[in-house]
Amino acid sequence: MTSMLLFGLTTFLSAFLLFNIQPLMGHYILPWFGGTPAVWTSCMLFFQVGLLAGYAYAFGLSRQSGKVQRSVHLVLLAGSLAMLPIDPRDQLFILGQVGSPALQIPLLLAATIGLPFVLVSATAPLLQHWFAERFDNASPYRLYALSNTGSILALISYPLIWEPFFKLEGQTAIWSVLFLVFASGCGLLAYRRPEYSQESETALKESRIPLNYRATKEQALTPWHILTWLVFPALGSTLLLASTNQICQEVASVPFLWVLPLALYLFSFILTFESERWYIRWLWGGLMVVLTPLGWYSLYHGVTFSFLAQLLTFCGLLFVGCMLCHGELYRLRPGNRHLTLFYLCLAAGGACGGMFVSVVAPALFTGYREFEIALVGICLLTLLAWMIERAVVISFRQPLFWIAPLLGAYVLASPVVALRLPELKQDKVVEQLRNFYGILAVVEKDSPTGEIRTMVHGRINHGSQYTARDKRHQTVTYYAPGSPVDLIFKQLRSEPVSTETNGLKVGIVGTGAGSFAAFGQAGDTFRFYEINPQVIDLAYRYFSFLTDTPATVDVILGDGRIMLERELDKNGPHNFDLLAIDAFSGDAIPMHLITLESFRLYLHHLADDGLLLYHVTNRFVDLVPVVEGLAAELGYRTARLEANSDPSVGRYRSIWMAVTRNEQHLAELRRQPIYAPVSAPPTPLVFTDNYSSLLKVLNL
């Protein structure tokens, strides 16, 4: 009984650690790589490859003698303790800043948690194998159920308990202690493992990892089996990561929006692999028929949807698609003889899906095509599986008779959908690029005030300029005449400046098309910080703000916060008269740019009477209480400035928050028509690097 309890506790704890470390590490390193949604995608690539390595290790080790299994596992468990505590080191990040972040992130995680992660990944199949050897009359399915419980508990508890109540350093310390407990339990089980002779182990060589732990009829293994065992998991993994990317682009890349899709993905595994009763082909196929058109429309025209509608659409499609993938996998499961190969193929397919989304798709496509590819692939492979098994028969009373042709129609219609639905179809796309930081496009279109050229990141305008040479110096959109930015510069020009050159010193985090430079005059210095090299390239090639301005312009490549920290340490403060935080990724806000630590950094770089300006225009997130809370925490005052749209001057509606200790600045701003005090003052929030709660500022 004691041994059974130890098996159960160790299995539960390993699953909890396996799924807790994923959002924890993603949250930890997110600011180091600009807060972009692709950070989580790259983390998932490492986790999926680590899971594959763990399964391969369990597969290989279970085929060795008991003595070899015990010795090897004890040595690796002892070696993994050398990597504790698991907090990522800044030195590893700095040394790893070579090449694409999509490869830097997996390498960083491998150096931080590589061996511990592989060992907890291997625990479920390995302990189930040992359990089946030791207790002939007991089903290891209980361990499988405990593993599922630990996994779900880890995912649910992270955004609800771990993230709100524990700092990151505390989270990594607790995880390290729990891993030490796990390693002790697993080591004790390995040490107590009976040593069978090579002959007596022959019958136990094949893994007994259960699906529902009911005997299945042994069938001959065919290429079709291997293909589906690889491709169905790859499609499910691709849909998971593509859906998460879409959701995070609209709001922010934060653990809550990582965990929700991952929990649905895992839950589909639990339901389908627990029993055949949960996977009803006509039900899930019918839901796929209903939701796929909504997914296509939301992908291209999500700007017309509320965030809640988009969240439900993408999560619903993810769950239904994964139910189809994993349900068909369960029906194609092998007998006990090939179960370990089956699990290896599942892990390999998942890793291939992660590799496709993280590395291959950004290199091949200039748009987010992987979501569509996953949808079409699931429809096609599901249809093939049904046809091969002759599940579709000609009968008006059979639901699959109606559903199968619609799935086939979606496959055939997908090229037309990809050409007809994109929202940029009304604009002339001059150039479109994609990299780790997202999709950038330069488009041209007519407006009431003339033809304009716009840099678009995702669905969001990142700066526009008139194409007519005589109007190129005029600002438009968020920076047009009458905008808060226009007002701020007029006010700064009317007062003495703090620099010896009698020119303004302006810092801007986020370059876009370089619109801020249009406000520059001779003697001014404008210093831009931009993490995406493609933004800088397009700003110089298609827009002239950075080159036409009489001001001195410096463009610094790198994350704005990290670069400002390094410059402060190396050369001291810049003493900016104005520091503007105007960095967006789609509609998503890099959360590390609105924390108390970042706020203190900005203030260090401001002149005594300088202004800090936040661009907080956002459809889904209300950042006003966050800026209010940060300012109040450090004794600063704020003014909310809101300008309505005005097509006559090409102005977009925008909201900016000005932060200052200069009472004269504040009084002047509050006298302006665009000053917009909040009718019901929000409860101030203080976000830190260790704590932020998206739920408190989310507008559903």
# chains A, B, ... in the order shown; residues from 1 in each chain; ligands from 1
>>> residues_around(residues="Glu663 in chain A", least_positions_apart="5", cutoff="12 Å", atoms="only C-alpha atoms", output="VMD selection string")
chain A and resid 608 to 611 636 to 639 668 to 670
>>> residues_around(residues="range 275-292 of chain A", least_positions_apart="5", cutoff="7 Å", atoms="only C-alpha atoms", output="count of residues only")
11
>>> residues_around(residues="Lys696 in chain A", least_positions_apart="2", cutoff="10 Å", atoms="only C-alpha atoms", output="list in words")
Val621, Asp622, Leu623, Pro625, Val626, Thr683, Leu685, Ser692, Ser693, Leu694, Leu698 and Asn699 of chain A
>>> write_last_selection(atoms="C-alpha atoms", output="CSV table (one decimal), in the first residue's frame")
chain,number,residue,atom,x,y,z
A,621,VAL,CA,-7.7,46.6,-22.4
A,622,ASP,CA,-8.2,49.7,-20.3
A,623,LEU,CA,-4.7,50.9,-19.2
A,625,PRO,CA,-6.1,52.7,-14.1
A,626,VAL,CA,-2.7,51.1,-14.5
A,683,THR,CA,-9.4,52.1,-8.9
A,685,LEU,CA,-3.7,49.4,-10.2
A,692,SER,CA,0.0,41.8,-13.3
A,693,SER,CA,-3.6,40.8,-13.7
A,694,LEU,CA,-5.0,41.2,-17.1
A,698,LEU,CA,-9.9,43.5,-19.7
A,699,ASN,CA,-12.9,44.9,-21.6
>>> select_by_dssp(residues="range 539-685 of chain A", states="alpha helix (DSSP H)", output="ChimeraX atom specification")
/A:539-542,545-548,560-571,596-605,624-633,663-670
>>> residues_around(residues="Val686 in chain A", least_positions_apart="2", cutoff="7 Å", atoms="only C-alpha atoms", output="mmCIF file with C-alpha atoms, in the first residue's frame")
data_model
loop_
_atom_site.group_PDB
_atom_site.id
_atom_site.type_symbol
_atom_site.label_atom_id
_atom_site.label_comp_id
_atom_site.auth_asym_id
_atom_site.auth_seq_id
_atom_site.Cartn_x
_atom_site.Cartn_y
_atom_site.Cartn_z
ATOM 1 C CA LEU A 596 6.374 49.748 -11.668
ATOM 2 C CA VAL A 626 -2.679 51.109 -14.500
ATOM 3 C CA GLY A 629 -1.755 53.586 -10.147
ATOM 4 C CA LEU A 630 1.887 53.730 -11.210
ATOM 5 C CA PRO A 684 -5.658 52.589 -9.408
ATOM 6 C CA THR A 688 4.999 44.942 -11.309
#
>>> residues_around(residues="range 75-81 of chain A", least_positions_apart="4", cutoff="8 Å", atoms="only C-alpha atoms", output="PyMOL selection string")
chain A and resi 71+115-116+119+180+183+187
>>> residues_around(residues="Gly635 in chain A", least_positions_apart="4", cutoff="12 Å", atoms="only C-alpha atoms", output="list in words")
Phe599, Arg600, Leu603, Glu628, Gly629, Leu630, Ala631, Val659, Thr660, Arg661 and Asn662 of chain A
>>> residues_around(residues="Ser494 in chain A", least_positions_apart="4", cutoff="12 Å", atoms="only C-alpha atoms", output="JSON, numbers by chain")
{"A": [487, 488, 489, 490, 504, 664, 665, 668]}
>>> write_last_selection(atoms="N, CA and C atoms", output="JSON list (two decimals), in the first residue's frame")
[["chain", "number", "residue", "atom", "x", "y", "z"],
["A", 487, "LEU", "N", -0.69, 68.56, -29.33],
["A", 487, "LEU", "CA", -0.84, 69.49, -28.21],
["A", 487, "LEU", "C", 0.39, 69.50, -27.32],
["A", 488, "ILE", "N", 0.91, 68.32, -27.01],
["A", 488, "ILE", "CA", 2.07, 68.22, -26.12],
["A", 488, "ILE", "C", 3.27, 68.97, -26.70],
["A", 489, "PHE", "N", 3.54, 68.78, -27.99],
["A", 489, "PHE", "CA", 4.69, 69.47, -28.59],
["A", 489, "PHE", "C", 4.48, 70.98, -28.63],
["A", 490, "LYS", "N", 3.28, 71.43, -28.88],
["A", 490, "LYS", "CA", 3.03, 72.88, -28.85],
["A", 490, "LYS", "C", 3.27, 73.44, -27.46],
["A", 504, "LEU", "N", 14.73, 70.35, -27.91],
["A", 504, "LEU", "CA", 14.08, 69.32, -27.12],
["A", 504, "LEU", "C", 14.83, 68.00, -27.22],
["A", 664, "GLN", "N", 2.74, 73.25, -13.52],
["A", 664, "GLN", "CA", 2.42, 74.16, -14.61],
["A", 664, "GLN", "C", 2.01, 73.36, -15.86],
["A", 665, "HIS", "N", 2.79, 72.31, -16.17],
["A", 665, "HIS", "CA", 2.44, 71.43, -17.28],
["A", 665, "HIS", "C", 1.03, 70.87, -17.08],
["A", 668, "GLU", "N", -1.84, 73.39, -17.47],
["A", 668, "GLU", "CA", -2.03, 73.75, -18.87],
["A", 668, "GLU", "C", -2.73, 72.63, -19.64]]
>>> closest_atom_pairs(of="range 262-323 of chain A", to="range 9-19 of chain A", cutoff="12 Å", atoms="only C-alpha atoms", output="Markdown table")
| residue | atom | partner | partner_atom | distance |
| --- | --- | --- | --- | --- |
| A:Leu262 | CA | A:Phe19 | CA | 9.5 |
| A:Ala263 | CA | A:Phe19 | CA | 9.7 |
| A:Leu266 | CA | A:Phe19 | CA | 10.2 |
>>> atom_distance(atom1="CA of Cys352 in chain A", atom2="CA of Ala234 in chain A")
5.8 Å
>>> atom_distance(atom1="CA of Val392 in chain A", atom2="CA of Tyr297 in chain A")
28.6 Å
>>> select_by_dssp(residues="range 519-581 of chain A", states="strand (DSSP E or B)", output="ChimeraX atom specification")
/A:525-530,552-557,576-581
>>> write_last_selection(atoms="N, CA and C atoms", output="mmCIF file, in the first residue's frame")
data_model
loop_
_atom_site.group_PDB
_atom_site.id
_atom_site.type_symbol
_atom_site.label_atom_id
_atom_site.label_comp_id
_atom_site.auth_asym_id
_atom_site.auth_seq_id
_atom_site.Cartn_x
_atom_site.Cartn_y
_atom_site.Cartn_z
ATOM 1 N N THR A 525 16.760 66.590 -30.487
ATOM 2 C CA THR A 525 17.270 65.224 -30.600
ATOM 3 C C THR A 525 16.129 64.250 -30.349
ATOM 4 N N PHE A 526 15.868 63.408 -31.334
ATOM 5 C CA PHE A 526 14.828 62.385 -31.207
ATOM 6 C C PHE A 526 15.504 61.015 -31.193
ATOM 7 N N ARG A 527 15.258 60.272 -30.126
ATOM 8 C CA ARG A 527 15.892 58.964 -29.956
ATOM 9 C C ARG A 527 14.802 57.890 -29.928
ATOM 10 N N PHE A 528 14.757 57.061 -30.965
ATOM 11 C CA PHE A 528 13.757 56.002 -31.085
ATOM 12 C C PHE A 528 14.341 54.665 -30.620
ATOM 13 N N TYR A 529 13.488 53.875 -29.975
ATOM 14 C CA TYR A 529 13.856 52.518 -29.569
ATOM 15 C C TYR A 529 12.893 51.549 -30.242
ATOM 16 N N GLU A 530 13.434 50.592 -30.984
ATOM 17 C CA GLU A 530 12.594 49.672 -31.748
ATOM 18 C C GLU A 530 13.175 48.267 -31.697
ATOM 19 N N THR A 552 18.024 65.931 -35.021
ATOM 20 C CA THR A 552 18.953 64.796 -35.021
ATOM 21 C C THR A 552 18.187 63.549 -34.595
ATOM 22 N N VAL A 553 18.299 62.489 -35.384
ATOM 23 C CA VAL A 553 17.536 61.270 -35.134
ATOM 24 C C VAL A 553 18.487 60.102 -34.892
ATOM 25 N N ASP A 554 18.251 59.386 -33.815
ATOM 26 C CA ASP A 554 18.944 58.133 -33.529
ATOM 27 C C ASP A 554 17.897 57.036 -33.390
ATOM 28 N N VAL A 555 18.122 55.908 -34.040
ATOM 29 C CA VAL A 555 17.217 54.770 -33.930
ATOM 30 C C VAL A 555 18.007 53.612 -33.332
ATOM 31 N N ILE A 556 17.583 53.171 -32.155
ATOM 32 C CA ILE A 556 18.289 52.130 -31.408
ATOM 33 C C ILE A 556 17.527 50.814 -31.560
ATOM 34 N N LEU A 557 18.203 49.797 -32.070
ATOM 35 C CA LEU A 557 17.586 48.489 -32.248
ATOM 36 C C LEU A 557 17.670 47.699 -30.943
ATOM 37 N N PHE A 576 15.368 63.361 -20.786
ATOM 38 C CA PHE A 576 14.418 63.663 -21.852
ATOM 39 C C PHE A 576 13.406 64.713 -21.387
ATOM 40 N N ASP A 577 13.079 65.632 -22.272
ATOM 41 C CA ASP A 577 11.962 66.539 -22.008
ATOM 42 C C ASP A 577 10.634 65.812 -22.205
ATOM 43 N N LEU A 578 10.655 64.834 -23.092
ATOM 44 C CA LEU A 578 9.466 64.022 -23.345
ATOM 45 C C LEU A 578 9.915 62.592 -23.621
ATOM 46 N N LEU A 579 9.303 61.646 -22.932
ATOM 47 C CA LEU A 579 9.536 60.228 -23.194
ATOM 48 C C LEU A 579 8.182 59.597 -23.475
ATOM 49 N N ALA A 580 7.985 59.135 -24.708
ATOM 50 C CA ALA A 580 6.702 58.573 -25.131
ATOM 51 C C ALA A 580 6.805 57.055 -25.230
ATOM 52 N N ILE A 581 5.841 56.356 -24.646
ATOM 53 C CA ILE A 581 5.775 54.895 -24.723
ATOM 54 C C ILE A 581 4.682 54.557 -25.731
#
>>> atom_distance(atom1="CA of Ile373 in chain A", atom2="CA of Leu318 in chain A")
13.1 Å
>>> closest_residue(among="A:Met455, A:Val697, A:Ala404, A:Cys248", to="Ala385 in chain A", atoms="only C-alpha atoms")
A:Ala404
>>> closest_atom_pairs(of="range 47-128 of chain A", to="range 140-158 of chain A", cutoff="10 Å", atoms="only C-alpha atoms", output="JSON lines")
{"residue": "A:Thr123", "atom": "CA", "partner": "A:Ser147", "partner_atom": "CA", "distance": 9.6}
{"residue": "A:Ala124", "atom": "CA", "partner": "A:Ser147", "partner_atom": "CA", "distance": 6.9}
{"residue": "A:Pro125", "atom": "CA", "partner": "A:Tyr144", "partner_atom": "CA", "distance": 8.8}
{"residue": "A:Leu127", "atom": "CA", "partner": "A:Leu143", "partner_atom": "CA", "distance": 8.3}
{"residue": "A:Gln128", "atom": "CA", "partner": "A:Pro140", "partner_atom": "CA", "distance": 5.7}
>>> write_last_selection(atoms="C-alpha atoms", output="mmCIF file, in the first residue's frame")
data_model
loop_
_atom_site.group_PDB
_atom_site.id
_atom_site.type_symbol
_atom_site.label_atom_id
_atom_site.label_comp_id
_atom_site.auth_asym_id
_atom_site.auth_seq_id
_atom_site.Cartn_x
_atom_site.Cartn_y
_atom_site.Cartn_z
ATOM 1 C CA THR A 123 7.812 10.100 -15.387
ATOM 2 C CA ALA A 124 4.237 9.219 -16.395
ATOM 3 C CA PRO A 125 5.103 6.508 -18.946
ATOM 4 C CA LEU A 127 6.268 4.923 -13.625
ATOM 5 C CA GLN A 128 3.268 3.296 -15.285
#
>>> closest_residue(among="A:Asn575, A:Gln104, A:Gln310, A:Thr449", to="Gln249 in chain A", atoms="only C-alpha atoms")
A:Gln310
